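*Asks:* So that we are looking at the same thing, I have put the structure below in structure tokens.
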Amino acid sequence: MNQSSQGENSPNINEVGRDVKIDSSRRSIAVESQKIEGSAYTQGNTYHGGTHHHHYLIQAPEIATSDRNAGQNRGDLLPSQSGTPYIERPPVEQKCCKGILSSPALIRIRAPKGMGKTELLNRLFHFAIANNYHAVCWDVGSLNETVLQDIDAVWQQLCRDVTRALPLSDRVAQFWQERTDDCSNTKCSDYFDEYLLPRLDRPLVLMLDNFDTLFPYQPVAREAFKVLRSWYEQSKRKANWKKLRLAIAHSTNIYAYPELQNIHNSPFNVGLGIDLPEFSPEQVRELARGCGLGDEELTPLLDMVGGHPALICQAFEFLRDRPDTSLVEMMLVAATPEGIYRNHLGNLRDCLDRDGTLAEAMKAAIASEEPVKVGAIEAFKLSGLGLTRDRGHAVVPRCRLYRLYFRECW
Amino acid sequence: MQFYEAPNGSLEADHPTYVLREADDELLARLKAGEFCYVLNARQMGKSSLCLRTTSRLQGEGVACAIIDLSELQGGIPSSQWYKTLARKMLKELQLAGRVDWRTWWGDRDYLPPMERWKELIEEVVFPHISQNIVIFIDEIDSVLSQEFSTDDLFAFIRACYNKRPHKPDYKRLTFCLLGVAAPSRLIADKQRTPFNIGRAIRLTGLRWENAIAPLGSVLGSTVEDAEGVLKEILDWTGGQPFLTQKLVALTVRQGDRRPDIGGLVREAIVENWPEKDNPQHLKTIEDRVKRGEWAGDVLALYRRVLRGERESLQGESLERSELLLSGLVRVEGKDLRAYNRIYEAVFNEGWIEEMLDALRPFSAQLKAWEASEEKDESRLLQGRALSEALAWAEGKNLTAGDRRYLRASQDLEARVLREKADFEAAEERNRLLKEANRRARRRIRIGSIVLGVMLVLAGVSMVFATMKGRELQALQTQVSKSEEFLENVKILAEKSNLLENEGSDFEAKELLSQAGHSVNLREEQHNLKMAVLYAGISWAWQKQKEKDLDEAEKFLNKAKRKLNAQGNLDSESDRQANFLYLKAKANLEFENNKKSEAMEDYIEAFNIVRVNRHPERLEESGREKSIPFDDTVPIRMISKQSIEAFHREMIAVMKGEDNYRVERKAAKYSLFYHYADELESFLDNEAKLQDADRLTFKMVEYLVQISDRYEDATYYTNVWLDGLYAIDENNNGCNFLREIDTLWRNKSKQYSGEEKFGFGIQAQLLSKWMQKEEMKEELADLDFRNYNRWEVVGYGDRKKKFDRAWNQYRMEIEWIDERGGVIVEWGYEAGKGHLPHFSNNIFWPYHKHLFSRSANCNL
């Protein structure tokens with residue numbers, strides 16, 4: 001999905017990114033980031049149930065757990081900027097925050113789309129700022145195709161963006177030019193080691209959102225993995241690197257890409273892995289109360305979408321804005337092209353239509369009431385999209401919504 | 001609920017839950033003593049943690065340490081950049097990066113091959129700036145296996161650092177430690193350049209309760225009542241495997257039970273549906289390692305035997321065993337292999353093995369189809385090659401009943417088809433099969449198919465009897481009983497060869513099979529000779545196998561003797577070769593039995609059969625013009641080139657220091673040289689083998705050093721080697737030998753390209769011509785290349801630089817290196833003048849110029 005929508009956004013990403021003016025006199029990251037967030041809201045494009053492709057590369061991550069219709073008013077509810085309150089899913093938040101406080105730190109947040117990864121990064125961002133750390137969130141999903149195919153370009157972009165966000169003066173071009181003979185990984189690591197990190201008096205939390213965007217670009221991904229892993233390893237014994245704390249959010253399981261499976265030089269076998277769970281019924285109820293819907297009977301919703309955060313939030317926002325609609329009515333048409341989830345479902349369907357074997361696997365899953373054994377790679381891809389959940393080597397559709405919708409449309 | 005997280009990846013040096021092991025102290029002590037150490041073990045056994053911990057302890061004692069993790073290096077970069085990045089990392093790690101202007105430093109030396117630059121880096125930068133001892137850790141050493149270029153130089157460099165110690169005391173301060181997941185022999189194949197045989201393997205055991213109770217007990221103590229007992233139980237499940245132990249401790253704490261049910265927890269949180277819960281990945285890594293690779297079937301079979309408690313010999317080298325150990329699934333316990341722990345036993349159980357084998361079984365599709373036809377569809381059965389491959393695959397795998405029925409049905413069908421086809425040409429068929437079997441056995445396919453082939457043929461032969469009468473039958477029976485005698489002994493020999501191979505004596509094993517193979521080529525009426533060859537071979541095997549039986553060896557030797565006697569006067573080439581094999585076995589046996597003088601006489605008699613003697617000033621007339629394996633006039637060549645080489649080397653070794661045999665020993669030295677020369681010629685005749693020719697040429701030069709009187713024991717110590725090289729022409733025949741090599745290159749290049757372009761002589765001429773050039777003349781005018789001496793060389797300072805530049809320019813001219821110092825090799829007669837021999841595979845490559853000096857001195 002990332003890739004598909006990337007095309008339309010990518011051309012202007014860099015353009016706008018370059019327009020960000022960083023006033024060197026303003027040292028506070030928090031102020032800086034809020035500024036950017038403010039402008040990001042009005043420009044944020046609509047994307048149903050997924051992560052936004054930020055127009056600004058460096059910024060506090062936006063929330064992903066709600067549907068946004070352009071022009072809808074929201075924004076002043078920091079730390080959560082959606083219209084819905086942020087529901088904590090203990091112990092996830094606590095673990096993450098604790099995780100970045102000491103070195104070595106590498107947090108991997110893995111969850112399908114729409115589970116609230118970006119929202120969690122956002123929390124982490126504010127937590128870091130509150131603790132007087134530097135924090136930079138880099139959205140890998142916003143890189144364009146040309147950059148993604150060239151590890152050198154990826155590293156240059158990262159170094160440049162992090163430098164600007166801190167803000168320090170940009171030495172990337174000079175640094176690269178002086179080291180034409182070195183390989184790209186060395187240049188990037190040296191830039192951090194020799195330029196960025198020595199200039200920081202406090203730890204830097206570097207968050208990489210939508211990291212799975214890299215996975216299809218295997219040669220690039222492999223190198224990126226190595227470098228992140230080596231940073232992590234070095235932070236175990238070198239003062240300089242101890243300042244760097246990493247947090248990575250990704251949806252697709254790395255196993256969906258067998259070529260990337262040498263996990264011994266990747267960050268995916270170390271650090272703190274966080275699987276974001278769905279909302280529990282209790283949390284859904286809490287959220288309902290927070291949206292002023294305390295009296296609703298929630299069973300039809302839970303029955304239809306389970307604890308899927310994005311879908312739940314979307315339903316609540318819809319209800320809040322249209323008090324005359326009933327939840328039951330809404331759920332009756334939910335799995336049809338007229339329902340509130342039409343965009344979300346349409347996107348998923350596009351994904352399946354593009355990949356024949358994936359569609360076959362999904363068909364098998366919805367046809368059976370029992371878990372169905374499908375190819376391992378398909379299983380990982382389906383659960384990465386959030387369409388199914390794993391049961392050992394078998395899969396079941398994630399919620400009744402998918403079962404109903406896909407049964408109808410195929 | 002507690003938030004205790006198991007540490008993933010390597011533990012920092014001061015991590016509170018680090019558990020000490022014997023390896024900690026051993027590694028520390030050995031590295032402090034300057035020994036080269038290596039820790040080659042399965043994944044997630046705590047190698048990197050050990051490395052971090054040891055580094056920290058060494059640093060505490062004032063030792064400078066560098067950790068270089070090879071897996072971090074960028075993929076797909078050329079070797080020059082790889083070595084450069086490596087050197088740069090080392091400098092940074094040793095905090096010397098600021099001491100030199102790195103880019104110019106490395107760039108200035110681009111005429112040197114990478115490891116030479118390393119050497120200079122160490123000698124010119126590292127040693128002067130660091131006065132303490134230095135330990136360089138190289139982690140994830142197995143990453144070299146995925147490089148497209150050979151990384152042998154790196155290993156050879158490490159070895160060279162050790163070899164330099166006697167001459168350069170600074171090197172005593174420098175030590176290496178390698179860590180990774182691989183068998184040493186896979187990292188570098190070349191036995192002479194490998195550092196592993198001078199290093200110390202550090203064994204990494206599991207965590208022990210006594211050491212673990214302090215760090216892990218306190219973690220457990222936060223939730224459980226009886227931390228000591230619980231830890232015991234945890235270790236009982238994990239066998240002390242570090243990753244699983246830490247994980248299980250964390251799970252126990254997280255569960256928060258005061259009296260936890262560890263068994264239940266293991267089942268629930270690790271074993272059941274393990275692929276889902278294997279995060280961070282551990283079990284899947286093991287599965288991947290076991291199932292990938294061409295030996296997966298054998299590894300699985302071995303693992304199944306281990307699981308079933310069958311005893312496995314730990315003798316000799318075995319690929320399966322080393323793979324299985326490296327996967328981490330099993331460990332050596334006393335004299336047995338055991339599953340590493342109960343968790344593995346539960347996860348990787350019989351069902352799992354079955355599933356893995358299912359995926360590997362080469363005939364699973366046909367098997368399924370056959371079973372679907374209620375085992376009736378014969379077209380689904382395996383035949384011929386597919387069958388023997390399937391049988392070879394199935395060998396020792398404890399297959400299911402279904403598999404066995406299927407294979408037996410296939411075999412029955414094949415036997416039936418063979419019987420139907422059987423006719424009077426069965427004897428020929430037998431030979432063909434044997435040769436085929438021999439060919440396959442060389443390719444390390446198990447012995448099962450050979451024996452099977454033999455059996456099938458015998459079955460065919462006996463069918464033929466039924467259709468014959470009277471005299472015909474009698475004649476055939478004689479022939480068959482002869483054949484049976486022959487086949488029976490082929491079988492013994494084949495078994496012996498298999499045994500030797502399993503014991504790691506690959507060379508002997510191949511040799512035996514090749515003897516059997518060649519003996520088949522002997523004509524039918526030379527039956528006695530055939531049998532003599534086989535018996536000599538079997539006798540040889542009895543002497544060489546681990547469990548020697550000299551009586552058996554003697555018995556077979558006598559049988560061979562009787563057969564040779566029956567053959568008569570032994571004057572044909574085949575007779576003489578058979579006699580050689582007999583004498584070789586006899587001499588060896590006598591030596592084993594301490595009958596030294598008899599042994600010597602037999603060595604000499606055997607030597608006289610294979611001796612090559614074409615020295616221009618030959619003292620004696622005896623000996624052949626060409627070595628048997630390369631002599632086209634010899635109709636049947638039963639002795640391989642390796643065998644001749646081994647025999648010579650053995651004889652030279654045995655007669656060392658024996659005054660009575662000085663002449664013979666020298667003759668053997670010379671004879672072996674000419675044998676090499678014949679081999680070189682055969683390589684040079686095949687353009688595809690030029691690289692081999694190049695290697696052999698180097699080996700020959702080295703051999704000349706080794707046989708010189710002064711440097712007989714010279715090994716790979718550079719200095720000694722060079723001294724030896726300069727001593728070549730001190731030996732009476734040194735120049736003659738060098739000329740022999742040179743002439744071969746020269747003549748063959750002329751023959752195949754129309755121009756004399758290869759050889760030392762040509763190279764030396766080109767170089768001296770170059771040195772006469774105007775811009776160099778002045779500086780190098782008084783440099784007589786003949787007197788180029790490794791001590792005086794060309795002087796120092798500017799003059800040396802000038803010469804090095806000249807040398808560099810020259811190498812570009814003959815297309816050895818490109819402008820950036822990258823090595824170019826072109827293996828073909830199309831290559832430029834002076835391009836070969838190249839020696840680029842060799843660490844002595846930089847010393848090639850010394851060889852020119854000798855060439856000039858010998859007037860090549």
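Going by the structure tokens order, chains are called A, B, ..., each with residues numbered from 1, while ligands are numbered from 1 in the order shown.
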Please identify all residues of chain A having at least one atom at most 6 Å from any atom of chain B, considering only C-alpha atoms, and return them as a list in words.
*Replies:*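 Going by the stated atoms only, the list reads Lys226, Lys236, Asn269, Val270, Gly271 and Gly392 of chain A.
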*Asks:* Tell me which protein, DNA and RNA residues are within 12 Å of Phe348 in chain B, counting only C-alpha atoms, leaving out same-chain ones fewer than 2 positions away, and put them as a ChimeraX atom specification.
*Replies:* /B:271-272,274-275,283-284,286-287,290-291,300,303-304,306-307,328-330,339-346,350-356
*Asks:* Just the number, please: distance in Å from CA of Ser169 in chain A to CA of Glu194 in chain A, one decimal.
*Replies:*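 Interatomic distance, CA of Ser169 in chain A to CA of Glu194 in chain A: 13.9 Å.
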*Asks:* Quote the spacing between CA of Glu511 in chain B and CA of Ser640 in chain B in Å to one decimal place.
*Replies:* 7.5 Å
*Asks:* Just the residues within 9 Å of Leu404 in chain A, please, counting only C-alpha atoms, with nothing from its chain fewer than 5 positions along; format it as number ranges by chain.
*Replies:* A: 335-336, 366, 399, 409
